[in-house]
Amino acid sequence: MAFLAQLQGHAAAKQAEEEVYDSDLLKEQSAPRKRDAYGDPDYWETRYQADGDEGEVFEWLMDWPQLSDCLGPILEGCGAAAVDGRILHVGCGNSALGVDMRQAGFGGGGVVNTDIAPTVVAQMRQRFPEDIWEVDDALNMAYARAAPRFNAVVDKGTLDAFACSEGAQSEKLKTCGAYLREVRATLVPGIGRLVVVSFGQPETRLKFFKGAGGGAGGGAGGGAG
């Protein structure tokens, strides 16, 4: 059975220590009127188009320096640090996390960044041409399913987007279950891990794993640190 890698506490501690506060992030997280749209692909496409041709890099929740102490050992444990280890950063948006993981020596067999919004994929390809950026739907991972299996799937806010989408709770459970089953189909059997970095408390996210009938692959690894 999968379990949630909930790193919000670790993030809060580091931010308090370093007195780092991202006003844009705080504005996003304090605007409940927007959150219902986060599960809508059209919302993201429109948002990225507004960033212009070059776009921008934006990190939801945490960046690699904040995540590395917790995420690094998980990636090592599932083989993603090996020469042939593979990582999928699903719903990457305009995050450079996949770039940072590759530069830190993870995903020697490939770090693939996917998003449903063609505009942001084009923007990130232009900004980081050495990395892999592909259009793929997290609810129908045609590209990721056709690729070799991944040692790790890293989700930084994607499950949150589905959890915050419009509709009844039963619909959210159905959508999140479909997403987690897609993830399971992309993982290396037995050792593959889904790592979820979430703004939500564990109890608000674990129900989606239970609703998916055990979650993704061999489970999600991690902890609050």
# chains A, B, ... in the order shown; residues from 1 in each chain; ligands from 1
$ residues_around --residues "Val154 (chain A)" --least-positions-apart "3" --cutoff "7 Å" --atoms "only C-alpha atoms" --output "PDB file with C-alpha atoms, in the first residue's frame"
ATOM      1  CA  LEU A  88       9.677  11.218 -14.033  1.00  0.00           C
ATOM      2  CA  HIS A  89       8.750  14.693 -12.779  1.00  0.00           C
ATOM      3  CA  VAL A  90       5.024  14.639 -13.443  1.00  0.00           C
ATOM      4  CA  LEU A 194       6.172   7.732  -6.045  1.00  0.00           C
ATOM      5  CA  VAL A 195       7.254  10.717  -3.948  1.00  0.00           C
ATOM      6  CA  VAL A 196       4.563  13.300  -3.259  1.00  0.00           C
TER       7      VAL A 196
END
$ residues_around --residues "Val135 (chain A)" --least-positions-apart "3" --cutoff "7 Å" --atoms "only C-alpha atoms" --output "list in words"
Thr114, Asp115, Ile116, Ala117, Pro118 and Val121 of chain A
$ closest_residue --among "A:Asn151, A:Gln123, A:Ser68, A:Thr158" --to "Gly91 (chain A)" --atoms "only C-alpha atoms"
A:Thr158
$ select_by_dssp --residues "region 49-195 of chain A" --states "strand (DSSP E)" --output "number ranges by chain"
A: 86-90, 110-115, 132-135, 152-156, 193-195
$ closest_atom_pairs --of "region 157-181 of chain A" --to "region 37-53 of chain A" --cutoff "10 Å" --atoms "only C-alpha atoms" --output "JSON lines"
{"residue": "A:Gly157", "atom": "CA", "partner": "A:Tyr38", "partner_atom": "CA", "distance": 9.9}
{"residue": "A:Thr158", "atom": "CA", "partner": "A:Gly39", "partner_atom": "CA", "distance": 8.7}
{"residue": "A:Leu159", "atom": "CA", "partner": "A:Gly39", "partner_atom": "CA", "distance": 9.2}
{"residue": "A:Asp160", "atom": "CA", "partner": "A:Tyr38", "partner_atom": "CA", "distance": 8.4}
{"residue": "A:Ala161", "atom": "CA", "partner": "A:Tyr38", "partner_atom": "CA", "distance": 4.9}
{"residue": "A:Phe162", "atom": "CA", "partner": "A:Gly39", "partner_atom": "CA", "distance": 4.9}
{"residue": "A:Ala163", "atom": "CA", "partner": "A:Gly39", "partner_atom": "CA", "distance": 7.8}
{"residue": "A:Cys164", "atom": "CA", "partner": "A:Tyr38", "partner_atom": "CA", "distance": 6.5}
{"residue": "A:Ser165", "atom": "CA", "partner": "A:Gly39", "partner_atom": "CA", "distance": 4.6}
{"residue": "A:Glu166", "atom": "CA", "partner": "A:Ala37", "partner_atom": "CA", "distance": 6.8}
{"residue": "A:Lys172", "atom": "CA", "partner": "A:Gly39", "partner_atom": "CA", "distance": 9.6}
{"residue": "A:Thr175", "atom": "CA", "partner": "A:Gly39", "partner_atom": "CA", "distance": 9.6}
$ write_last_selection --atoms "N, CA, C and O atoms" --output "PDB file, in the first residue's frame"
ATOM      1  N   GLY A 157       3.084  18.951  -6.090  1.00  0.00           N
ATOM      2  CA  GLY A 157       1.895  19.765  -6.253  1.00  0.00           C
ATOM      3  C   GLY A 157       0.861  19.234  -7.229  1.00  0.00           C
ATOM      4  O   GLY A 157      -0.249  19.791  -7.299  1.00  0.00           O
ATOM      5  N   THR A 158       1.177  18.170  -7.971  1.00  0.00           N
ATOM      6  CA  THR A 158       0.216  17.667  -8.960  1.00  0.00           C
ATOM      7  C   THR A 158      -0.980  17.009  -8.287  1.00  0.00           C
ATOM      8  O   THR A 158      -2.140  17.271  -8.650  1.00  0.00           O
ATOM      9  N   LEU A 159      -0.733  16.153  -7.308  1.00  0.00           N
ATOM     10  CA  LEU A 159      -1.852  15.560  -6.568  1.00  0.00           C
ATOM     11  C   LEU A 159      -2.664  16.651  -5.883  1.00  0.00           C
ATOM     12  O   LEU A 159      -3.894  16.584  -5.834  1.00  0.00           O
ATOM     13  N   ASP A 160      -1.989  17.680  -5.384  1.00  0.00           N
ATOM     14  CA  ASP A 160      -2.693  18.800  -4.763  1.00  0.00           C
ATOM     15  C   ASP A 160      -3.646  19.460  -5.749  1.00  0.00           C
ATOM     16  O   ASP A 160      -4.763  19.854  -5.390  1.00  0.00           O
ATOM     17  N   ALA A 161      -3.200  19.631  -6.993  1.00  0.00           N
ATOM     18  CA  ALA A 161      -4.046  20.274  -8.001  1.00  0.00           C
ATOM     19  C   ALA A 161      -5.328  19.487  -8.216  1.00  0.00           C
ATOM     20  O   ALA A 161      -6.422  20.065  -8.292  1.00  0.00           O
ATOM     21  N   PHE A 162      -5.217  18.163  -8.299  1.00  0.00           N
ATOM     22  CA  PHE A 162      -6.409  17.336  -8.466  1.00  0.00           C
ATOM     23  C   PHE A 162      -7.281  17.374  -7.207  1.00  0.00           C
ATOM     24  O   PHE A 162      -8.510  17.386  -7.289  1.00  0.00           O
ATOM     25  N   ALA A 163      -6.635  17.401  -6.043  1.00  0.00           N
ATOM     26  CA  ALA A 163      -7.380  17.412  -4.785  1.00  0.00           C
ATOM     27  C   ALA A 163      -8.147  18.717  -4.591  1.00  0.00           C
ATOM     28  O   ALA A 163      -9.159  18.751  -3.882  1.00  0.00           O
ATOM     29  N   CYS A 164      -7.652  19.789  -5.220  1.00  0.00           N
ATOM     30  CA  CYS A 164      -8.290  21.106  -5.073  1.00  0.00           C
ATOM     31  C   CYS A 164      -9.250  21.431  -6.210  1.00  0.00           C
ATOM     32  O   CYS A 164      -9.776  22.548  -6.275  1.00  0.00           O
ATOM     33  N   SER A 165      -9.455  20.491  -7.119  1.00  0.00           N
ATOM     34  CA  SER A 165     -10.281  20.768  -8.289  1.00  0.00           C
ATOM     35  C   SER A 165     -11.758  20.874  -7.916  1.00  0.00           C
ATOM     36  O   SER A 165     -12.178  20.498  -6.822  1.00  0.00           O
ATOM     37  N   GLU A 166     -12.541  21.403  -8.849  1.00  0.00           N
ATOM     38  CA  GLU A 166     -13.968  21.553  -8.634  1.00  0.00           C
ATOM     39  C   GLU A 166     -14.657  20.188  -8.602  1.00  0.00           C
ATOM     40  O   GLU A 166     -14.162  19.218  -9.160  1.00  0.00           O
ATOM     41  N   LYS A 172     -13.403  13.831  -6.915  1.00  0.00           N
ATOM     42  CA  LYS A 172     -11.976  14.023  -6.638  1.00  0.00           C
ATOM     43  C   LYS A 172     -11.300  12.687  -6.353  1.00  0.00           C
ATOM     44  O   LYS A 172     -10.190  12.430  -6.806  1.00  0.00           O
ATOM     45  N   THR A 175     -10.832  10.970  -9.678  1.00  0.00           N
ATOM     46  CA  THR A 175      -9.761  11.568 -10.477  1.00  0.00           C
ATOM     47  C   THR A 175      -8.391  11.218  -9.910  1.00  0.00           C
ATOM     48  O   THR A 175      -7.480  10.822 -10.651  1.00  0.00           O
TER      49      THR A 175
END
$ closest_residue --among "A:Ala147, A:Ala80, A:Cys92, A:Ile87" --to "Glu59 (chain A)" --atoms "only C-alpha atoms"
A:Cys92
$ closest_residue --among "A:Ala138, A:Ala168, A:Val197, A:Val83" --to "Arg181 (chain A)" --atoms "only C-alpha atoms"
A:Ala138
$ select_by_dssp --residues "region 45-122 of chain A" --states "alpha helix (DSSP H)" --output "short mmCIF file (atom, residue, chain, number, x, y, z; two decimals) with N, CA and C atoms, in the first residue's frame"
data_model
loop_
_atom_site.label_atom_id
_atom_site.label_comp_id
_atom_site.auth_asym_id
_atom_site.auth_seq_id
_atom_site.Cartn_x
_atom_site.Cartn_y
_atom_site.Cartn_z
N GLU A 45 -2.81 26.42 -19.00
CA GLU A 45 -2.39 26.88 -20.33
C GLU A 45 -2.52 28.40 -20.42
N THR A 46 -3.63 28.93 -19.94
CA THR A 46 -3.83 30.38 -19.96
C THR A 46 -2.82 31.09 -19.08
N ARG A 47 -2.55 30.52 -17.94
CA ARG A 47 -1.58 31.11 -17.02
C ARG A 47 -0.19 31.17 -17.64
N TYR A 48 0.24 30.08 -18.26
CA TYR A 48 1.58 30.06 -18.85
C TYR A 48 1.67 30.95 -20.08
N GLN A 49 0.62 31.05 -20.84
CA GLN A 49 0.61 31.96 -21.98
C GLN A 49 0.80 33.40 -21.53
N TRP A 64 14.86 22.47 -4.89
CA TRP A 64 15.78 21.37 -4.66
C TRP A 64 16.65 21.56 -3.41
N PRO A 65 17.24 22.73 -3.15
CA PRO A 65 18.03 22.87 -1.93
C PRO A 65 17.24 22.54 -0.66
N GLN A 66 15.97 22.86 -0.65
CA GLN A 66 15.14 22.54 0.51
C GLN A 66 14.76 21.06 0.56
N LEU A 67 14.61 20.45 -0.60
CA LEU A 67 14.15 19.06 -0.68
C LEU A 67 15.27 18.03 -0.60
N SER A 68 16.47 18.42 -0.96
CA SER A 68 17.52 17.43 -1.24
C SER A 68 17.81 16.51 -0.07
N ASP A 69 17.80 17.04 1.16
CA ASP A 69 18.13 16.19 2.32
C ASP A 69 17.13 15.05 2.49
N CYS A 70 15.87 15.30 2.18
CA CYS A 70 14.84 14.26 2.30
C CYS A 70 14.69 13.45 1.02
N LEU A 71 14.70 14.15 -0.10
CA LEU A 71 14.42 13.48 -1.37
C LEU A 71 15.61 12.65 -1.86
N GLY A 72 16.82 13.14 -1.63
CA GLY A 72 18.00 12.43 -2.11
C GLY A 72 18.08 10.97 -1.67
N PRO A 73 17.94 10.69 -0.37
CA PRO A 73 18.01 9.30 0.08
C PRO A 73 16.90 8.42 -0.50
N ILE A 74 15.72 9.00 -0.74
CA ILE A 74 14.64 8.22 -1.33
C ILE A 74 15.01 7.82 -2.76
N LEU A 75 15.56 8.78 -3.50
CA LEU A 75 15.97 8.50 -4.87
C LEU A 75 17.08 7.45 -4.91
N GLU A 76 17.99 7.53 -3.98
CA GLU A 76 19.05 6.52 -3.91
C GLU A 76 18.48 5.15 -3.60
N GLY A 77 17.50 5.09 -2.70
CA GLY A 77 16.94 3.83 -2.27
C GLY A 77 16.16 3.09 -3.34
N LEU A 97 12.90 21.65 -10.90
CA LEU A 97 13.30 20.56 -10.01
C LEU A 97 13.96 19.42 -10.78
N GLY A 98 13.40 19.05 -11.94
CA GLY A 98 13.99 17.97 -12.73
C GLY A 98 15.40 18.31 -13.19
N VAL A 99 15.62 19.55 -13.55
CA VAL A 99 16.95 20.02 -13.95
C VAL A 99 17.91 19.88 -12.78
N ASP A 100 17.47 20.32 -11.61
CA ASP A 100 18.31 20.27 -10.42
C ASP A 100 18.64 18.84 -10.02
N MET A 101 17.66 17.92 -10.13
CA MET A 101 17.93 16.52 -9.80
C MET A 101 18.97 15.94 -10.75
N ARG A 102 18.85 16.25 -12.03
CA ARG A 102 19.84 15.75 -13.00
C ARG A 102 21.22 16.31 -12.70
N GLN A 103 21.29 17.59 -12.43
CA GLN A 103 22.59 18.22 -12.16
C GLN A 103 23.21 17.73 -10.85
N PRO A 118 0.99 22.62 -23.30
CA PRO A 118 2.02 22.72 -24.34
C PRO A 118 2.85 24.00 -24.24
N THR A 119 2.24 25.08 -23.80
CA THR A 119 2.97 26.35 -23.72
C THR A 119 4.13 26.27 -22.75
N VAL A 120 3.91 25.71 -21.55
CA VAL A 120 5.00 25.68 -20.58
C VAL A 120 6.07 24.67 -21.00
N VAL A 121 5.67 23.60 -21.67
CA VAL A 121 6.67 22.64 -22.16
C VAL A 121 7.59 23.32 -23.18
N ALA A 122 7.01 24.11 -24.08
CA ALA A 122 7.82 24.84 -25.06
C ALA A 122 8.73 25.86 -24.38
#
$ closest_residue --among "A:Ile132, A:Leu173, A:Met124, A:Ala144" --to "Thr186 (chain A)" --atoms "only C-alpha atoms"
A:Ala144
